[in-house]
Amino acid sequence: MTSKEKPLANTFSYKQAGVDINAGNALVEAIKPAVRNTMRAGADGEIGGFGGLFDLKAAGFFDPVLIAANDGVGTKLRIAIEMEKHDTIGIDLVAMCVNDLVVQGAEPLFFLDYLATGALDVKQATTIIAGIADGCRQAGCALIGGETAEMPGMYHNKDYDLAGFSVGAVERDALLPRPDIAAGDVLVAIASSGIHSNGFSLVRKLVETSGLDWRNPAPFDPAISLGEALLTPTRIYVKPILSALKQGIAIKGLVHITGGGFIDNIPRILPAELAANIDLDALAPPPVFGWLAQTGSLNQSEMLRTFNCGVGMIAIVPEKSTTQLIAHLEQQGEKATIIGSLTKRNDAAVEFLGKLAL
């Protein structure tokens, strides 16, 4: 050092800047048992490498088409954060991706997650990822990797964000929707577990307006807190749907009822000349939807375009297959009912008869 050079007053480290590499390594070790429990044919490696591996041939496919989906959980995360309840939000993350795969006939193969936070809390992150692994087990897909991003200055306190990415495969000749969807086909609704993961910006606004706290008893289910009720995880439909398809039940198309509700999602798989006629009297929305409608003075159209109103998925089947499908779904623990049929389109792609029981 020359006489003109002065030593630095302070020295810094990455940890002092807010990023703890040791905490990240500890998280990887902590989640390895949960990740191992998601392994399946085609994926039997360890996490921690530069990329996740999947052997498509070992999974038993012959002429597959790969299908990819990615999603998040939206502002339902805000409730999980404020409730300090992180054990099921990962199930939501997986559900939002894999349900989008199975509606195209695809078997989810693997999943990757992205967790971003301001300061990594290993215990919190382990709980979150354990939920993701739980969702993967429910869907039959392997959690083969992910990214945990510690970004000081981007997130405050215990805030975090989640995103997921999943890939599935389907034999080329089994892709959905099928090209023979026709007038007279029947719509079979499969019940949701609740709100699932869409519409939570409106839900949170209505809770704020009501003056309720997340830990108050839920007005529509006083046995549990409002926060717990709203955090009920999104139902994963993969296994009952795939088993129905493998049994040869003639499912022509499937609709995942997410953002946009009935009005925006059903037309996504319909031929331009067809419309869905839905009998709202056949629906049985859980009490949470009635409470939301009453609290916000929400009209029927707003409910049907924002929320699933008790229907997480809709299957399109020929009339002769409805009894077989409903019986199969009920054997798998699902609740299913006929809610309408397809007709020649005259105006709107979705027509409603009757009234929601809210």
# chains A, B, ... in the order shown; residues from 1 in each chain; ligands from 1
call {"tool": "select_by_dssp", "arguments": {"residues": "stretch 31-273 of chain A", "states": "strand (DSSP E or B)", "output": "PyMOL selection string"}}
result
chain A and resi 40+43+64-72+107-117+142-150+152+155+160-171+186-191+217-218+221-225+253-256
call {"tool": "residues_around", "arguments": {"residues": "A:Arg172", "least_positions_apart": "2", "cutoff": "12 Å", "atoms": "only C-alpha atoms", "output": "list in words"}}
result
Phe61, Phe62, Asp63, Pro64, Val65, Leu66, Ile67, Gln104, Gly105, Ala106, Ala169, Val170, Ala174, Leu175, Leu176, Pro177 and Arg178 of chain A
call {"tool": "write_last_selection", "arguments": {"atoms": "C-alpha atoms", "output": "mmCIF file, in the first residue's frame"}}
result
data_model
loop_
_atom_site.group_PDB
_atom_site.id
_atom_site.type_symbol
_atom_site.label_atom_id
_atom_site.label_comp_id
_atom_site.auth_asym_id
_atom_site.auth_seq_id
_atom_site.Cartn_x
_atom_site.Cartn_y
_atom_site.Cartn_z
ATOM 1 C CA PHE A 61 -44.841 -43.081 -23.593
ATOM 2 C CA PHE A 62 -44.618 -44.082 -27.266
ATOM 3 C CA ASP A 63 -45.659 -41.079 -29.397
ATOM 4 C CA PRO A 64 -46.109 -38.289 -26.850
ATOM 5 C CA VAL A 65 -46.908 -34.628 -27.159
ATOM 6 C CA LEU A 66 -45.441 -32.522 -24.359
ATOM 7 C CA ILE A 67 -47.656 -29.883 -22.763
ATOM 8 C CA GLN A 104 -55.687 -31.487 -22.414
ATOM 9 C CA GLY A 105 -55.515 -35.162 -21.536
ATOM 10 C CA ALA A 106 -51.957 -34.908 -20.270
ATOM 11 C CA ALA A 169 -47.336 -35.693 -21.742
ATOM 12 C CA VAL A 170 -50.174 -37.274 -23.668
ATOM 13 C CA ALA A 174 -55.424 -38.901 -27.018
ATOM 14 C CA LEU A 175 -55.163 -35.111 -27.008
ATOM 15 C CA LEU A 176 -58.127 -33.154 -25.667
ATOM 16 C CA PRO A 177 -60.414 -31.545 -26.638
ATOM 17 C CA ARG A 178 -61.482 -34.127 -29.192
#
call {"tool": "select_by_dssp", "arguments": {"residues": "stretch 182-266 of chain A", "states": "helix (DSSP H, G or I)", "output": "PyMOL selection string"}}
result
chain A and resi 200-210+226-230+238-246+261-266
call {"tool": "write_last_selection", "arguments": {"atoms": "N, CA and C atoms", "output": "mmCIF file, in the first residue's frame"}}
result
data_model
loop_
_atom_site.group_PDB
_atom_site.id
_atom_site.type_symbol
_atom_site.label_atom_id
_atom_site.label_comp_id
_atom_site.auth_asym_id
_atom_site.auth_seq_id
_atom_site.Cartn_x
_atom_site.Cartn_y
_atom_site.Cartn_z
ATOM 1 N N PHE A 200 -59.113 -13.566 -5.544
ATOM 2 C CA PHE A 200 -58.770 -13.200 -4.174
ATOM 3 C C PHE A 200 -58.527 -11.703 -3.975
ATOM 4 N N SER A 201 -58.254 -10.970 -5.019
ATOM 5 C CA SER A 201 -58.174 -9.511 -4.846
ATOM 6 C C SER A 201 -59.552 -8.968 -4.468
ATOM 7 N N LEU A 202 -60.596 -9.499 -5.079
ATOM 8 C CA LEU A 202 -61.960 -9.110 -4.711
ATOM 9 C C LEU A 202 -62.318 -9.659 -3.330
ATOM 10 N N VAL A 203 -61.941 -10.901 -3.059
ATOM 11 C CA VAL A 203 -62.217 -11.490 -1.741
ATOM 12 C C VAL A 203 -61.601 -10.631 -0.645
ATOM 13 N N ARG A 204 -60.355 -10.235 -0.802
ATOM 14 C CA ARG A 204 -59.677 -9.443 0.219
ATOM 15 C C ARG A 204 -60.324 -8.076 0.386
ATOM 16 N N LYS A 205 -60.773 -7.501 -0.709
ATOM 17 C CA LYS A 205 -61.468 -6.210 -0.633
ATOM 18 C C LYS A 205 -62.775 -6.349 0.144
ATOM 19 N N LEU A 206 -63.487 -7.439 -0.073
ATOM 20 C CA LEU A 206 -64.758 -7.648 0.628
ATOM 21 C C LEU A 206 -64.529 -7.910 2.115
ATOM 22 N N VAL A 207 -63.465 -8.635 2.447
ATOM 23 C CA VAL A 207 -63.139 -8.870 3.859
ATOM 24 C C VAL A 207 -62.775 -7.549 4.528
ATOM 25 N N GLU A 208 -62.010 -6.732 3.846
ATOM 26 C CA GLU A 208 -61.654 -5.412 4.373
ATOM 27 C C GLU A 208 -62.905 -4.574 4.611
ATOM 28 N N THR A 209 -63.822 -4.594 3.659
ATOM 29 C CA THR A 209 -65.064 -3.828 3.772
ATOM 30 C C THR A 209 -65.917 -4.321 4.936
ATOM 31 N N SER A 210 -65.892 -5.629 5.164
ATOM 32 C CA SER A 210 -66.720 -6.217 6.228
ATOM 33 C C SER A 210 -66.208 -5.890 7.622
ATOM 34 N N LEU A 226 -61.911 -17.337 9.527
ATOM 35 C CA LEU A 226 -62.123 -16.872 8.152
ATOM 36 C C LEU A 226 -60.898 -17.148 7.295
ATOM 37 N N GLY A 227 -59.714 -16.879 7.836
ATOM 38 C CA GLY A 227 -58.490 -17.119 7.066
ATOM 39 C C GLY A 227 -58.307 -18.577 6.710
ATOM 40 N N GLU A 228 -58.538 -19.467 7.670
ATOM 41 C CA GLU A 228 -58.404 -20.898 7.403
ATOM 42 C C GLU A 228 -59.380 -21.354 6.329
ATOM 43 N N ALA A 229 -60.615 -20.861 6.414
ATOM 44 C CA ALA A 229 -61.631 -21.248 5.435
ATOM 45 C C ALA A 229 -61.231 -20.812 4.031
ATOM 46 N N LEU A 230 -60.730 -19.592 3.918
ATOM 47 C CA LEU A 230 -60.368 -19.072 2.597
ATOM 48 C C LEU A 230 -59.093 -19.706 2.047
ATOM 49 N N VAL A 238 -56.329 -34.449 -11.186
ATOM 50 C CA VAL A 238 -55.538 -35.242 -12.127
ATOM 51 C C VAL A 238 -55.863 -36.729 -12.073
ATOM 52 N N LYS A 239 -55.759 -37.330 -10.907
ATOM 53 C CA LYS A 239 -55.892 -38.794 -10.825
ATOM 54 C C LYS A 239 -57.286 -39.290 -11.191
ATOM 55 N N PRO A 240 -58.381 -38.685 -10.702
ATOM 56 C CA PRO A 240 -59.691 -39.179 -11.125
ATOM 57 C C PRO A 240 -59.959 -38.999 -12.614
ATOM 58 N N ILE A 241 -59.450 -37.904 -13.191
ATOM 59 C CA ILE A 241 -59.665 -37.677 -14.626
ATOM 60 C C ILE A 241 -58.841 -38.664 -15.449
ATOM 61 N N LEU A 242 -57.568 -38.827 -15.115
ATOM 62 C CA LEU A 242 -56.731 -39.754 -15.873
ATOM 63 C C LEU A 242 -57.247 -41.185 -15.767
ATOM 64 N N SER A 243 -57.736 -41.558 -14.592
ATOM 65 C CA SER A 243 -58.257 -42.924 -14.449
ATOM 66 C C SER A 243 -59.523 -43.115 -15.281
ATOM 67 N N ALA A 244 -60.357 -42.072 -15.388
ATOM 68 C CA ALA A 244 -61.547 -42.160 -16.232
ATOM 69 C C ALA A 244 -61.159 -42.329 -17.697
ATOM 70 N N LEU A 245 -60.157 -41.570 -18.125
ATOM 71 C CA LEU A 245 -59.701 -41.679 -19.512
ATOM 72 C C LEU A 245 -59.098 -43.057 -19.789
ATOM 73 N N LYS A 246 -58.333 -43.580 -18.841
ATOM 74 C CA LYS A 246 -57.711 -44.895 -19.029
ATOM 75 C C LYS A 246 -58.750 -46.013 -19.073
ATOM 76 N N GLY A 261 -64.016 -17.485 -14.728
ATOM 77 C CA GLY A 261 -65.177 -18.286 -14.371
ATOM 78 C C GLY A 261 -65.751 -19.081 -15.523
ATOM 79 N N PHE A 262 -67.070 -19.245 -15.497
ATOM 80 C CA PHE A 262 -67.776 -19.990 -16.541
ATOM 81 C C PHE A 262 -67.719 -19.232 -17.868
ATOM 82 N N ILE A 263 -67.888 -17.934 -17.786
ATOM 83 C CA ILE A 263 -68.119 -17.129 -18.985
ATOM 84 C C ILE A 263 -66.912 -17.118 -19.917
ATOM 85 N N ASP A 264 -65.704 -17.034 -19.360
ATOM 86 C CA ASP A 264 -64.509 -16.938 -20.202
ATOM 87 C C ASP A 264 -63.825 -18.275 -20.467
ATOM 88 N N ASN A 265 -64.006 -19.252 -19.572
ATOM 89 C CA ASN A 265 -63.255 -20.505 -19.712
ATOM 90 C C ASN A 265 -63.935 -21.540 -20.600
ATOM 91 N N ILE A 266 -65.245 -21.674 -20.518
ATOM 92 C CA ILE A 266 -65.932 -22.698 -21.320
ATOM 93 C C ILE A 266 -65.720 -22.484 -22.825
#
